[in-house]
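Undergrad: I have a structure here, written as structure tokens, and I will follow up with some questions on it.
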Amino acid sequence: MERAKRRRHGLANYRLIRYSDDFVIMVSGNQAQAEALLPEVAAVLAPMGLRLSAEKTMITTSTVLIQTLRAPP
């Protein structure tokens, strides 16, 4: 219900996905919407003792993300 409401109002939706010892935030929206979601995501993470790292946070397409995750360390 909340996702449909956000979509009707032209807002992006997101999902937090645990990946190894990090997490990925998948956003259904454009880059500006993803950037606008950062404070909301930070507020969701804070009660879990997690935070967004300025050094590690990047906004990219899913294609680039998959290539980054597949790359050897």
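Letters A, B, ... mark the chains of the structure tokens in the order given; residue numbers begin at 1 per chain; ligand numbers begin at 1, in order shown.
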What residues in chain A get the DSSP label strand (DSSP E or B)? Please answer as a ChimeraX atom specification.

TA: /A:13-19,22-28

Undergrad: Find the residues near segment 15-31 of chain A: any atom within 10 Å, counting only C-alpha atoms, skip ones fewer than 5 places away on the same chain, and give them as a count of residues only.

TA: 19

Undergrad: What does the structure give for the distance between atom CA of Glu2 of chain A and atom CA of Arg51 of chain A, in Å to one decimal?

TA: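 Computed distance, atom CA of Glu2 of chain A to atom CA of Arg51 of chain A, equals 23.7 Å.
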